[in-house]
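**Student:** Here you go, this is data30.txt (compact mmCIF, C-alpha atoms and all ligand atoms).
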# COMPACT_ATOMS: atom_id res chain seq x y z
CA VAL C 353 141.05 224.38 129.76
CA ASN C 354 137.76 224.86 131.48
CA VAL C 355 138.63 225.21 135.15
CA VAL C 356 135.85 226.23 137.51
CA GLN C 357 136.31 227.98 140.83
CA PRO C 358 133.26 226.73 142.75
CA ASP C 359 131.31 228.69 145.35
CA LEU C 360 130.70 225.48 147.25
CA LEU C 361 132.44 222.11 147.13
CA LEU C 362 131.03 219.04 148.88
CA LEU C 363 133.66 216.33 149.34
CA HIS C 364 133.69 212.69 150.43
CA GLY C 365 130.00 211.85 150.06
CA ARG C 366 128.36 208.57 149.03
CA LEU C 367 126.37 209.76 146.04
CA VAL C 368 123.12 208.25 144.80
CA THR C 369 121.09 209.84 142.01
CA PRO C 370 118.82 209.01 139.09
CA PRO C 371 119.67 210.59 135.74
CA PRO C 372 117.71 213.73 134.79
CA GLY C 373 114.29 213.19 133.26
CA GLY C 374 113.04 210.18 135.18
CA ALA C 375 111.97 206.72 134.09
CA PRO C 376 108.96 204.38 134.17
CA LEU C 377 108.58 201.72 136.86
CA GLY C 378 108.65 198.05 135.93
CA GLU C 379 112.24 198.09 134.68
CA ALA C 380 115.60 198.31 136.45
CA VAL C 381 115.69 201.57 138.41
CA PRO C 382 118.38 203.78 136.87
CA LEU C 383 120.38 204.94 139.89
CA MET C 384 124.00 206.02 139.71
CA GLU C 385 126.00 205.30 142.88
CA VAL C 386 129.48 206.68 143.61
CA ALA C 387 131.04 205.61 146.91
CA GLU C 388 133.56 208.49 147.07
CA ALA C 389 131.97 211.50 145.43
CA ALA C 390 132.17 215.27 145.24
CA VAL C 391 129.75 217.96 144.06
CA ALA C 392 130.95 221.39 142.90
CA VAL C 393 128.46 224.27 142.91
CA LYS C 394 128.77 227.53 141.01
CA LYS C 395 126.16 230.30 140.77
CA GLY C 396 123.40 228.07 142.12
CA ARG C 397 124.00 225.25 139.63
CA ILE C 398 125.96 222.00 139.71
CA ALA C 399 129.26 222.66 137.94
CA ALA C 400 130.75 219.19 138.39
CA VAL C 401 129.69 215.96 140.09
CA GLY C 402 131.13 212.45 140.29
CA PRO C 403 134.11 210.59 141.78
CA THR C 404 136.09 212.99 144.00
CA PRO C 405 139.37 212.75 141.99
CA GLU C 406 137.53 213.54 138.74
CA VAL C 407 135.75 216.54 140.23
CA LEU C 408 138.96 217.82 141.84
CA ALA C 409 140.72 217.61 138.46
CA ARG C 410 138.11 219.97 137.00
CA VAL C 411 137.91 222.63 139.73
CA THR C 412 140.26 225.06 141.45
CA VAL C 413 139.60 225.65 145.12
CA GLY C 414 139.82 229.42 145.64
CA VAL C 415 139.62 231.59 148.73
CA GLU C 416 135.93 232.09 147.94
CA THR C 417 135.20 228.35 147.82
CA ARG C 418 133.30 227.01 150.79
CA LEU C 419 134.30 223.41 151.55
CA LEU C 420 132.01 220.85 153.19
CA ASP C 421 133.47 217.48 154.17
CA LEU C 422 130.56 215.01 154.15
CA GLU C 423 132.63 212.35 155.97
CA GLY C 424 131.12 209.50 153.97
CA ARG C 425 127.48 210.52 154.43
CA ALA C 426 124.92 209.76 151.74
CA VAL C 427 124.31 212.63 149.30
CA LEU C 428 121.15 212.72 147.17
CA PRO C 429 119.25 215.17 144.98
CA GLY C 430 116.97 217.48 146.98
CA PHE C 431 113.49 215.98 147.07
CA VAL C 432 110.82 217.34 144.76
CA ASP C 433 107.31 217.48 146.27
CA PRO C 434 105.04 217.67 143.21
CA HIS C 435 101.64 217.98 144.97
CA THR C 436 100.91 220.19 147.98
CA HIS C 437 98.17 222.51 149.21
CA LEU C 438 100.46 224.54 151.47
CA VAL C 439 98.47 227.80 151.47
CA TRP C 440 95.91 227.31 154.19
CA ALA C 441 94.75 228.90 157.44
CA GLY C 442 93.81 227.23 160.71
CA ASP C 443 93.76 223.46 161.07
CA ARG C 444 91.28 220.56 160.96
CA ILE C 445 92.52 218.56 163.92
CA ASP C 446 88.94 218.01 165.12
CA GLU C 447 88.06 216.16 161.91
CA MET C 448 90.43 213.36 162.88
CA ALA C 449 88.11 212.46 165.75
CA MET C 450 85.02 212.75 163.54
CA ARG C 451 86.53 210.32 161.04
CA ARG C 452 87.58 207.93 163.82
CA ALA C 453 83.96 208.05 165.00
CA GLY C 454 82.88 206.76 161.59
CA ARG C 455 82.14 209.77 159.38
CA THR C 456 83.83 209.72 156.00
CA TYR C 457 85.90 212.40 154.31
CA LEU C 458 83.22 213.07 151.67
CA GLU C 459 80.39 213.11 154.29
CA ILE C 460 82.23 215.80 156.24
CA LEU C 461 82.69 217.82 153.03
CA ALA C 462 79.03 217.42 152.04
CA ALA C 463 78.01 218.73 155.50
CA GLY C 464 79.97 221.95 154.88
CA GLY C 465 83.14 220.91 156.72
CA GLY C 466 86.32 219.53 155.20
CA ILE C 467 87.65 221.69 152.39
CA LEU C 468 84.82 224.19 153.03
CA ALA C 469 85.96 224.68 156.64
CA SER C 470 89.41 225.57 155.31
CA VAL C 471 87.78 227.94 152.79
CA ARG C 472 86.10 229.89 155.60
CA ALA C 473 89.39 230.05 157.50
CA LEU C 474 91.40 231.25 154.50
CA ARG C 475 88.90 233.94 153.57
CA ALA C 476 89.07 235.28 157.13
CA ALA C 477 92.89 235.35 157.15
CA SER C 478 94.94 238.36 156.04
CA ASP C 479 97.65 238.10 153.37
CA ASP C 480 100.26 238.57 156.09
CA GLU C 481 98.86 235.69 158.12
CA LEU C 482 98.80 233.44 155.05
CA LEU C 483 102.38 234.32 154.17
CA ALA C 484 103.64 233.81 157.72
CA SER C 485 102.04 230.37 158.00
CA LEU C 486 103.27 229.36 154.54
CA LEU C 487 106.83 230.37 155.45
CA ALA C 488 106.62 228.44 158.72
CA ARG C 489 105.52 225.31 156.82
CA LEU C 490 108.20 225.74 154.18
CA ARG C 491 110.86 225.67 156.91
CA HIS C 492 109.61 222.23 157.97
CA VAL C 493 109.46 221.14 154.33
CA VAL C 494 113.11 222.10 153.79
CA ARG C 495 114.26 220.55 157.08
CA HIS C 496 112.96 217.24 155.66
CA GLY C 497 115.05 217.60 152.53
CA THR C 498 112.59 219.04 149.99
CA THR C 499 113.98 221.77 147.75
CA THR C 500 111.36 222.06 144.97
CA VAL C 501 107.66 222.32 145.88
CA GLU C 502 104.50 222.51 143.83
CA VAL C 503 101.93 224.62 145.71
CA LYS C 504 98.23 224.76 144.84
CA SER C 505 95.64 227.37 145.64
CA GLY C 506 92.20 225.95 146.34
CA TYR C 507 90.92 227.20 149.68
CA GLY C 508 89.70 230.54 148.28
CA LEU C 509 87.00 229.44 145.82
CA SER C 510 86.46 233.01 144.60
CA GLU C 511 88.45 234.97 142.04
CA ALA C 512 89.86 237.29 144.67
CA ASP C 513 90.78 234.61 147.20
CA GLU C 514 92.26 232.18 144.67
CA LEU C 515 94.46 234.90 143.12
CA ARG C 516 95.40 236.17 146.58
CA SER C 517 96.51 232.65 147.53
CA LEU C 518 98.73 232.48 144.44
CA GLU C 519 100.16 235.95 145.19
CA VAL C 520 101.17 234.65 148.61
CA VAL C 521 103.01 231.75 146.93
CA ALA C 522 104.85 234.24 144.69
CA GLN C 523 105.78 236.33 147.72
CA ALA C 524 107.07 233.24 149.55
CA ALA C 525 109.14 232.28 146.49
CA ARG C 526 110.73 235.75 146.46
CA LYS C 527 111.41 235.71 150.20
CA THR C 528 112.87 232.21 150.34
CA GLY C 529 114.47 231.84 146.93
CA LEU C 530 112.97 228.33 146.87
CA ALA C 531 111.74 226.77 143.65
CA LEU C 532 107.97 226.96 144.23
CA VAL C 533 105.80 225.86 141.30
CA PRO C 534 102.29 227.35 141.56
CA THR C 535 99.08 225.64 140.43
CA LEU C 536 95.59 227.14 140.21
CA LEU C 537 93.10 224.79 141.91
CA GLY C 538 90.01 226.99 141.88
CA ALA C 539 88.05 223.81 141.13
CA HIS C 540 88.78 222.21 144.52
CA ALA C 541 85.11 222.32 145.65
CA TRP C 542 81.99 224.26 144.72
CA PRO C 543 81.67 227.55 146.64
CA PRO C 544 78.31 227.33 148.47
CA GLU C 545 77.35 230.93 147.70
CA THR C 546 77.78 230.80 143.89
CA PRO C 547 75.57 229.07 141.27
CA ARG C 548 77.59 226.35 139.53
CA ALA C 549 77.29 227.84 136.03
CA ASP C 550 78.60 231.17 137.34
CA TYR C 551 81.49 229.48 139.11
CA LEU C 552 82.51 227.62 135.94
CA GLU C 553 82.75 230.99 134.19
CA ALA C 554 84.66 232.46 137.10
CA LEU C 555 87.16 229.60 136.82
CA ASP C 556 87.91 230.58 133.21
CA ARG C 557 88.54 234.17 134.28
CA MET C 558 90.79 232.99 137.15
CA ALA C 559 92.87 230.92 134.73
CA GLU C 560 93.28 233.91 132.41
CA ALA C 561 94.23 236.24 135.23
CA ALA C 562 96.60 233.77 136.90
CA ALA C 563 98.33 233.04 133.59
CA ALA C 564 98.53 236.72 132.57
CA LYS C 565 100.10 237.67 135.91
CA GLY C 566 102.49 234.71 135.84
CA LEU C 567 100.95 233.39 139.07
CA ALA C 568 100.32 229.80 137.96
CA ARG C 569 101.92 227.27 135.63
CA PHE C 570 99.27 224.56 135.94
CA VAL C 571 95.51 224.23 136.36
CA ASP C 572 94.11 221.43 138.53
CA VAL C 573 90.65 220.08 139.38
CA PHE C 574 89.24 217.74 142.06
CA LEU C 575 87.57 215.27 139.69
CA GLU C 576 85.70 213.02 142.10
CA GLU C 577 82.27 211.55 142.65
CA GLY C 578 80.16 214.30 144.21
CA VAL C 579 82.71 217.05 143.54
CA PHE C 580 83.61 217.88 139.89
CA SER C 581 82.31 215.40 137.28
CA ALA C 582 84.49 214.33 134.34
CA GLU C 583 82.53 216.70 132.07
CA GLU C 584 82.85 219.66 134.44
CA ALA C 585 86.52 218.90 134.98
CA GLU C 586 87.19 218.79 131.25
CA ARG C 587 85.56 222.16 130.81
CA VAL C 588 87.70 223.65 133.62
CA LEU C 589 90.90 222.15 132.23
CA ARG C 590 90.14 223.35 128.69
CA GLY C 591 89.68 226.86 130.10
CA GLY C 592 93.08 226.55 131.73
CA LEU C 593 94.67 225.24 128.53
CA ALA C 594 93.22 228.16 126.56
CA ALA C 595 94.92 230.50 129.04
CA GLY C 596 98.24 228.63 128.72
CA LEU C 597 98.09 226.51 131.89
CA ARG C 598 98.86 222.79 131.54
CA PRO C 599 96.39 220.41 133.22
CA LYS C 600 96.90 218.36 136.36
CA VAL C 601 94.06 216.26 137.80
CA HIS C 602 93.04 214.98 141.24
CA ALA C 603 91.88 211.67 139.79
CA ASP C 604 90.04 208.62 141.12
CA GLU C 605 90.93 209.13 144.78
CA ILE C 606 87.80 207.82 146.47
CA ALA C 607 85.67 206.32 143.67
CA PRO C 608 86.45 205.47 140.02
CA SER C 609 85.38 208.70 138.28
CA ARG C 610 87.09 208.56 134.82
CA GLY C 611 89.80 210.81 136.23
CA ALA C 612 92.79 208.99 134.73
CA GLU C 613 91.05 208.69 131.34
CA THR C 614 90.26 212.42 131.31
CA ALA C 615 93.81 213.36 132.34
CA ALA C 616 95.34 211.21 129.60
CA ARG C 617 92.99 212.50 126.91
CA LEU C 618 93.76 216.15 127.72
CA GLY C 619 97.53 215.50 127.82
CA ALA C 620 97.78 216.38 131.52
CA VAL C 621 101.28 216.66 132.92
CA SER C 622 100.15 214.51 135.87
CA ALA C 623 97.21 212.59 137.29
CA ASP C 624 97.31 212.35 141.06
CA HIS C 625 95.94 209.96 143.75
CA LEU C 626 94.67 207.18 141.38
CA THR C 627 93.97 204.60 144.11
CA LYS C 628 90.58 203.87 142.46
CA ALA C 629 91.71 204.30 138.84
CA THR C 630 90.71 201.59 136.37
CA ASP C 631 93.24 199.49 134.47
CA GLU C 632 92.09 201.21 131.27
CA GLY C 633 92.73 204.59 132.90
CA LEU C 634 96.23 203.62 134.02
CA ALA C 635 97.05 202.20 130.58
CA ALA C 636 95.92 205.50 129.05
CA LEU C 637 98.20 207.45 131.40
CA ALA C 638 101.20 205.31 130.47
CA ALA C 639 100.46 205.74 126.76
CA ALA C 640 100.05 209.52 127.12
CA GLY C 641 103.26 209.93 129.17
CA THR C 642 101.23 211.52 131.97
CA VAL C 643 103.02 211.17 135.30
CA ALA C 644 101.10 209.22 137.97
CA VAL C 645 101.59 211.06 141.27
CA LEU C 646 100.94 208.74 144.22
CA LEU C 647 100.01 210.16 147.62
CA PRO C 648 100.52 207.43 150.23
CA GLY C 649 100.23 209.90 153.11
CA THR C 650 96.62 210.56 152.14
CA SER C 651 95.71 206.86 152.04
CA PHE C 652 97.42 206.36 155.39
CA PHE C 653 95.75 209.31 157.08
CA LEU C 654 92.28 208.54 155.68
CA GLY C 655 92.59 204.82 156.48
CA LEU C 656 92.30 203.76 152.82
CA PRO C 657 94.33 201.10 150.97
CA PRO C 658 97.49 202.50 149.32
CA PHE C 659 98.30 202.31 145.62
CA PRO C 660 100.20 199.01 145.26
CA ALA C 661 103.66 198.87 143.64
CA GLU C 662 102.67 195.91 141.50
CA ARG C 663 100.07 198.03 139.65
CA ALA C 664 102.57 200.80 138.93
CA ARG C 665 105.08 198.28 137.57
CA ARG C 666 102.56 196.31 135.52
CA HIS C 667 101.38 199.49 133.78
CA ARG C 668 104.93 200.83 133.40
CA LEU C 669 103.78 204.11 134.93
CA VAL C 670 106.11 207.06 135.21
CA ALA C 671 105.16 207.25 138.86
CA ALA C 672 106.09 209.97 141.34
CA VAL C 673 105.37 210.49 145.02
CA ALA C 674 104.20 213.61 146.86
CA THR C 675 103.06 214.54 150.36
CA ASP C 676 99.70 216.08 149.29
CA ALA C 677 100.40 218.33 152.29
CA ASN C 678 97.03 219.83 153.27
CA PRO C 679 95.04 220.39 156.47
CA GLY C 680 92.41 217.70 155.86
CA SER C 681 93.62 214.53 154.20
CA SER C 682 97.43 214.57 154.59
CA PRO C 683 98.93 217.05 157.02
CA THR C 684 102.50 215.72 156.71
CA LEU C 685 105.23 218.00 155.37
CA SER C 686 107.79 215.22 155.02
CA MET C 687 108.78 213.60 151.74
CA PRO C 688 110.84 210.92 153.57
CA MET C 689 107.63 209.95 155.41
CA ALA C 690 105.75 209.66 152.10
CA MET C 691 108.64 207.56 150.74
CA ALA C 692 108.60 205.29 153.80
CA LEU C 693 104.86 204.74 153.34
CA LEU C 694 105.43 203.83 149.67
CA VAL C 695 107.93 201.21 150.75
CA HIS C 696 106.34 199.78 153.89
CA ALA C 697 102.65 200.12 152.99
CA GLY C 698 102.74 200.12 149.18
CA GLY C 699 105.41 197.50 148.50
CA PHE C 700 107.74 199.74 146.50
CA THR C 701 111.52 199.27 146.75
CA PRO C 702 113.62 202.03 148.30
CA GLU C 703 115.17 202.55 144.84
CA GLU C 704 111.74 203.09 143.29
CA ALA C 705 110.79 205.46 146.10
CA LEU C 706 113.92 207.55 145.51
CA LEU C 707 113.29 207.77 141.75
CA MET C 708 109.67 208.73 142.47
CA ALA C 709 110.68 211.49 144.92
CA THR C 710 113.30 213.07 142.65
CA ALA C 711 113.54 212.78 138.85
CA ASN C 712 109.99 211.47 138.31
CA ALA C 713 108.58 214.05 140.72
CA ALA C 714 110.37 216.81 138.80
CA ARG C 715 108.77 215.52 135.59
CA ALA C 716 105.34 215.74 137.24
CA ILE C 717 105.75 219.53 137.46
CA GLY C 718 107.74 220.24 134.30
CA GLU C 719 110.99 220.73 136.24
CA GLU C 720 112.86 217.76 134.77
CA ASN C 721 115.56 219.95 133.25
CA ALA C 722 116.29 221.73 136.53
CA ALA C 723 115.62 219.38 139.45
CA GLY C 724 115.54 215.79 140.62
CA SER C 725 119.05 214.71 139.66
CA LEU C 726 122.61 215.48 140.66
CA ALA C 727 124.03 216.23 137.22
CA GLU C 728 126.01 219.04 135.66
CA GLY C 729 123.86 222.07 134.86
CA MET C 730 121.01 221.14 137.19
CA ARG C 731 119.99 223.45 140.04
CA ALA C 732 122.25 222.87 143.04
CA ASP C 733 119.57 221.20 145.19
CA ILE C 734 121.31 218.69 147.43
CA VAL C 735 120.45 216.64 150.52
CA VAL C 736 122.98 215.02 152.81
CA LEU C 737 121.79 212.36 155.24
CA ASP C 738 123.15 211.59 158.66
CA ALA C 739 123.79 208.04 157.44
CA ARG C 740 126.21 206.29 155.12
CA ASP C 741 123.58 204.04 153.54
CA TRP C 742 120.91 206.23 151.88
CA ARG C 743 118.26 203.54 152.46
CA ALA C 744 118.36 204.52 156.15
CA LEU C 745 116.03 207.30 154.97
CA VAL C 746 113.08 204.88 154.75
CA TYR C 747 114.43 202.35 157.25
CA HIS C 748 114.28 204.81 160.16
CA PHE C 749 110.75 205.87 159.16
CA GLY C 750 109.39 208.87 161.03
CA THR C 751 112.91 209.98 161.97
CA ASN C 752 114.40 213.04 160.31
CA LEU C 753 117.85 211.97 159.10
CA VAL C 754 118.45 215.12 157.06
CA HIS C 755 121.87 216.53 157.93
CA THR C 756 122.45 219.22 155.30
CA VAL C 757 120.24 220.87 152.69
CA VAL C 758 121.49 223.00 149.80
CA ALA C 759 118.80 224.73 147.70
CA GLY C 760 119.81 226.72 144.63
CA GLY C 761 123.38 226.65 145.93
CA ARG C 762 122.52 228.11 149.35
CA ILE C 763 122.98 226.09 152.53
CA LEU C 764 119.67 226.15 154.44
CA VAL C 765 120.27 223.29 156.90
CA GLN C 766 123.61 222.24 158.30
CA ASN C 767 124.25 219.59 160.94
CA GLY C 768 120.48 219.28 161.27
CA ASN C 769 120.04 222.96 162.16
CA ASP C 770 118.56 225.92 160.29
CA THR C 771 121.26 228.23 158.96
CA GLU C 772 121.03 232.04 159.03
CA ALA C 773 119.81 231.94 155.42
CA MET C 774 116.69 230.07 156.50
CA ALA C 775 116.21 231.94 159.77
CA GLU C 776 115.86 235.14 157.69
CA TRP C 777 112.62 233.88 156.13
CA ARG C 778 110.59 235.08 159.07
CA HIS C 779 107.89 237.43 157.82
CA SER C 780 108.32 240.94 159.18
O1 LIG Q 801 94.34 216.08 147.57
N1 LIG Q 801 91.23 215.68 147.39
C1 LIG Q 801 91.16 216.91 147.38
N2 LIG Q 801 92.05 217.74 147.88
C2 LIG Q 801 92.97 217.39 148.88
C3 LIG Q 801 92.35 217.44 150.23
C4 LIG Q 801 92.14 218.82 150.62
C5 LIG Q 801 91.49 218.98 151.98
O2 LIG Q 801 90.89 218.05 152.51
O3 LIG Q 801 91.61 220.10 152.48
C6 LIG Q 801 93.63 216.09 148.57
O4 LIG Q 801 93.51 215.10 149.28
FE FE Q 802 95.62 217.15 146.74
What does this structure look like when you write it as structure tokens?
**Tutor:**
Amino acid sequence: VNVVQPDLLLLHGRLVTPPPGGAPLGEAVPLMEVAEAAVAVKKGRIAAVGPTPEVLARVTVGVETRLLDLEGRAVLPGFVDPHTHLVWAGDRIDEMAMRRAGRTYLEILAAGGGILASVRALRAASDDELLASLLARLRHVVRHGTTTVEVKSGYGLSEADELRSLEVVAQAARKTGLALVPTLLGAHAWPPETPRADYLEALDRMAEAAAAKGLARFVDVFLEEGVFSAEEAERVLRGGLAAGLRPKVHADEIAPSRGAETAARLGAVSADHLTKATDEGLAALAAAGTVAVLLPGTSFFLGLPPFPAERARRHRLVAAVATDANPGSSPTLSMPMAMALLVHAGGFTPEEALLMATANAARAIGEENAAGSLAEGMRADIVVLDARDWRALVYHFGTNLVHTVVAGGRILVQNGNDTEAMAEWRHS
């Protein structure tokens, strides 16, 4: 018989998980719930999961097995954040006041602030400074239960600074052991010092270099009125595709810009934002199987209406949620906060929010076979809440209820505190 001796055995949890692979909205949310559950972890993967007696029948507790009694707490898959801009320098706290005084996000960008202010800050920062600030942010990310993170470049806007940003992500992945999924977003804004035609060519070279060095899996573009047009975006994404990078698109965030239509036509893995997408665009996404990544933190922080649940259901979107963590439009690092905004501002159910933050989010970054579900063979990415009812996660909005975090089989948070494994991330 196949008896496993686990490295880690979590006992007596209340388990809630979607199946691997995700599902569209607009139908019953496929969540499995087990009131008395165990999870066995071996070599960073889930070896067995389910009702405690069934798991115990399949494993042998050895001297090497670390036991964690969850005492009836809720246990969920680690959250997957499929859209972040975590490599940045400085902050844009002053822009909050400018926007409150009536200036818009795109006006601030057009005046050389916004993304361009972050570009100046990143170019002036050393690699060591970028890595140290990225590691500091990742600690907050993990403390809020996220174990898989997509990270975009996009504040370099030159070949050297975009590739340097992606190198920093690779270094952080090595240092932390976290599942970081890198995306090249050289087309985040137009660099003021470079003619547009030259920059379009530079973007092709960046895609080739990033792909050749294994520094990016996806290519992304800010397709928006006044930033990259649909035609320019298509050209950038085709350059990425030619280099082997799958497209993602910042689509229809502020004005309808044919973002969703372009993403669907190019077979993008995801189209993100979408608050101003047309019905035709959303229908095209559903037909293409492109994941719709919703960013309610951005709507909240910019004072814009959120994407409503009813639209996601009506179009049967495979919808996911992300923080969009960035210094300008969504500085939160918390997936539970994004989930709470989905529920309380967007009208989604807690069950939909959980699906969108786990299995569907994994699908948005091509990680559906490794993350987003507590199932045998998946990466051992596990969150335990300091609550018996998992819905407390969105009920106590703005409160960090994360009790324990396991990422790739390693315990990074326990009893709400960083473990030694996470404390070691400090950049020396
Ligand atoms: O997804 N929309 C473009 N990019 C980011 C904002 C980046 C920034 O403002 O620094 C976003 O919202
Ligand atoms: Fe973004």
**Student:** Neighbours of ligand FE 802 (chain Q) at 10 Å or closer, counting only C-alpha atoms and all ligand atoms: which residues, as a VMD selection string?
**Tutor:** chain C and resid 435 to 437 503 to 504 506 537 540 572 to 574 601 to 603 605 624 to 625 647 650 674 to 678 680 to 682
**Student:** So, with all atoms listed in the file as the atoms that count, which of C:Asp443, C:Gly649, C:Glu511, C:Asn752 lies closest to Asp550 in chain C?
**Tutor:**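 Answer, going by the shortest atom-to-atom distance: C:Glu511.
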**Student:** Could you give me, as JSON, numbers by chain, the residues within 9 Å of Arg666 in chain C, counting only C-alpha atoms and dropping anything in the same chain fewer than 4 positions from it?
**Tutor:** {"C": [377, 378, 661, 662]}
**Student:** Which value, in Å to one decimal, gives the distance between CA of Gly611 in chain C and CA of Leu461 in chain C?
**Tutor:**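 Computed distance, CA of Gly611 in chain C to CA of Leu461 in chain C, equals 19.5 Å.
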**Student:** Please provide as number ranges by chain all residues within 9 Å of Leu532 in chain C, with the sequence filter that same-chain residues fewer than 4 positions apart are discarded (counting only C-alpha atoms).
**Tutor:** C: 499-503, 521-522, 524-525
**Student:** With 8 Å added on each side, what axis-aligned box encloses every listed atom of range 712-720 of chain C? Give the centre and edge lengths in Å to one decimal, as AutoDock Vina command-line options.
**Tutor:**
--center_x 109.1 --center_y 216.1 --center_z 137.5 --size_x 23.5 --size_y 25.3 --size_z 22.4
**Student:** Set the distance at 8 Å and use only C-alpha atoms: which residues neighbour Pro688 in chain C once local chain neighbours fewer than 5 positions away are removed? I'd like the list as a count of residues only.
**Tutor:** 7
**Student:** Which one is closest to Lys565 in chain C: C:His364, C:Lys395, C:Arg516, C:Arg590? Count only C-alpha atoms.
**Tutor:**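 Going through C:His364, C:Lys395, C:Arg516, C:Arg590 one by one, the smallest distance to Lys565 in chain C is for C:Arg516.
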**Student:** Do you know which residues are at most 9 Å from Pro544 in chain C counting all atoms listed in the file, after dropping those on the same chain fewer than 3 positions away, and could you put them as a list of chain:residue names?
**Tutor:** C:Gly464, C:Leu468, C:Ala541, C:Pro547
**Student:** Select, from C:Ala441, C:Leu637, C:Ala671, C:Leu618, the residue with the minimum atom-to-atom distance to ligand LIG 801 (chain Q), counting only C-alpha atoms and all ligand atoms.
**Tutor:** C:Ala441
**Student:** I need the residue nearest Ile460 in chain C from this list: C:Met691, C:Arg444, C:Thr642, C:His755. Use all atoms listed in the file for the distance.
**Tutor:** C:Arg444
**Student:** Using only C-alpha atoms and all ligand atoms, which residue out of C:Gly424, C:Gly430, C:Gly508, C:Gly414 lies closest to ligand LIG 801 (chain Q)?
**Tutor:**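 Residue with the minimum atom-to-atom distance to ligand LIG 801 (chain Q): C:Gly508.
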**Student:** Could you tell me, as an NGL selection string, which residues have any atom at most 12 Å from (102.9, 207.1, 138.0), counting all atoms listed in the file?
**Tutor:** :C and (374-378 or 434 or 612 or 621-627 or 629 or 633-647 or 659-674 or 704-705 or 707-709 or 712-713 or 715-716)
**Student:** Tell me, in Å to one decimal, how far CA of Thr404 in chain C is from CA of Gly373 in chain C.
**Tutor:**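 Pair CA of Thr404 in chain C / CA of Gly373 in chain C returns 24.3 Å.
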**Student:** Can you give me all heavy atoms for range 631-635 of chain C, written as a short mmCIF file (atom, residue, chain, number, x, y, z; two decimals), in the frame of the given file?
**Tutor:**
data_model
loop_
_atom_site.label_atom_id
_atom_site.label_comp_id
_atom_site.auth_asym_id
_atom_site.auth_seq_id
_atom_site.Cartn_x
_atom_site.Cartn_y
_atom_site.Cartn_z
N ASP C 631 92.09 199.92 135.26
CA ASP C 631 93.24 199.49 134.47
C ASP C 631 93.29 200.23 133.13
O ASP C 631 94.37 200.59 132.66
CB ASP C 631 93.19 197.97 134.23
CG ASP C 631 93.67 197.20 135.46
OD1 ASP C 631 94.56 197.72 136.18
OD2 ASP C 631 93.17 196.10 135.72
N GLU C 632 92.13 200.47 132.54
CA GLU C 632 92.09 201.21 131.27
C GLU C 632 92.65 202.62 131.49
O GLU C 632 93.40 203.14 130.66
CB GLU C 632 90.65 201.32 130.73
CG GLU C 632 90.02 199.99 130.32
CD GLU C 632 89.69 199.08 131.51
OE1 GLU C 632 89.25 199.59 132.57
OE2 GLU C 632 89.90 197.85 131.41
N GLY C 633 92.25 203.23 132.61
CA GLY C 633 92.73 204.59 132.90
C GLY C 633 94.24 204.62 133.07
O GLY C 633 94.92 205.50 132.55
N LEU C 634 94.78 203.64 133.79
CA LEU C 634 96.23 203.62 134.02
C LEU C 634 96.97 203.35 132.71
O LEU C 634 98.02 203.95 132.44
CB LEU C 634 96.59 202.57 135.07
CG LEU C 634 96.04 202.85 136.48
CD1 LEU C 634 96.48 201.74 137.44
CD2 LEU C 634 96.49 204.21 137.00
N ALA C 635 96.43 202.47 131.88
CA ALA C 635 97.05 202.20 130.58
C ALA C 635 97.07 203.48 129.74
O ALA C 635 98.06 203.78 129.05
CB ALA C 635 96.30 201.09 129.85
#
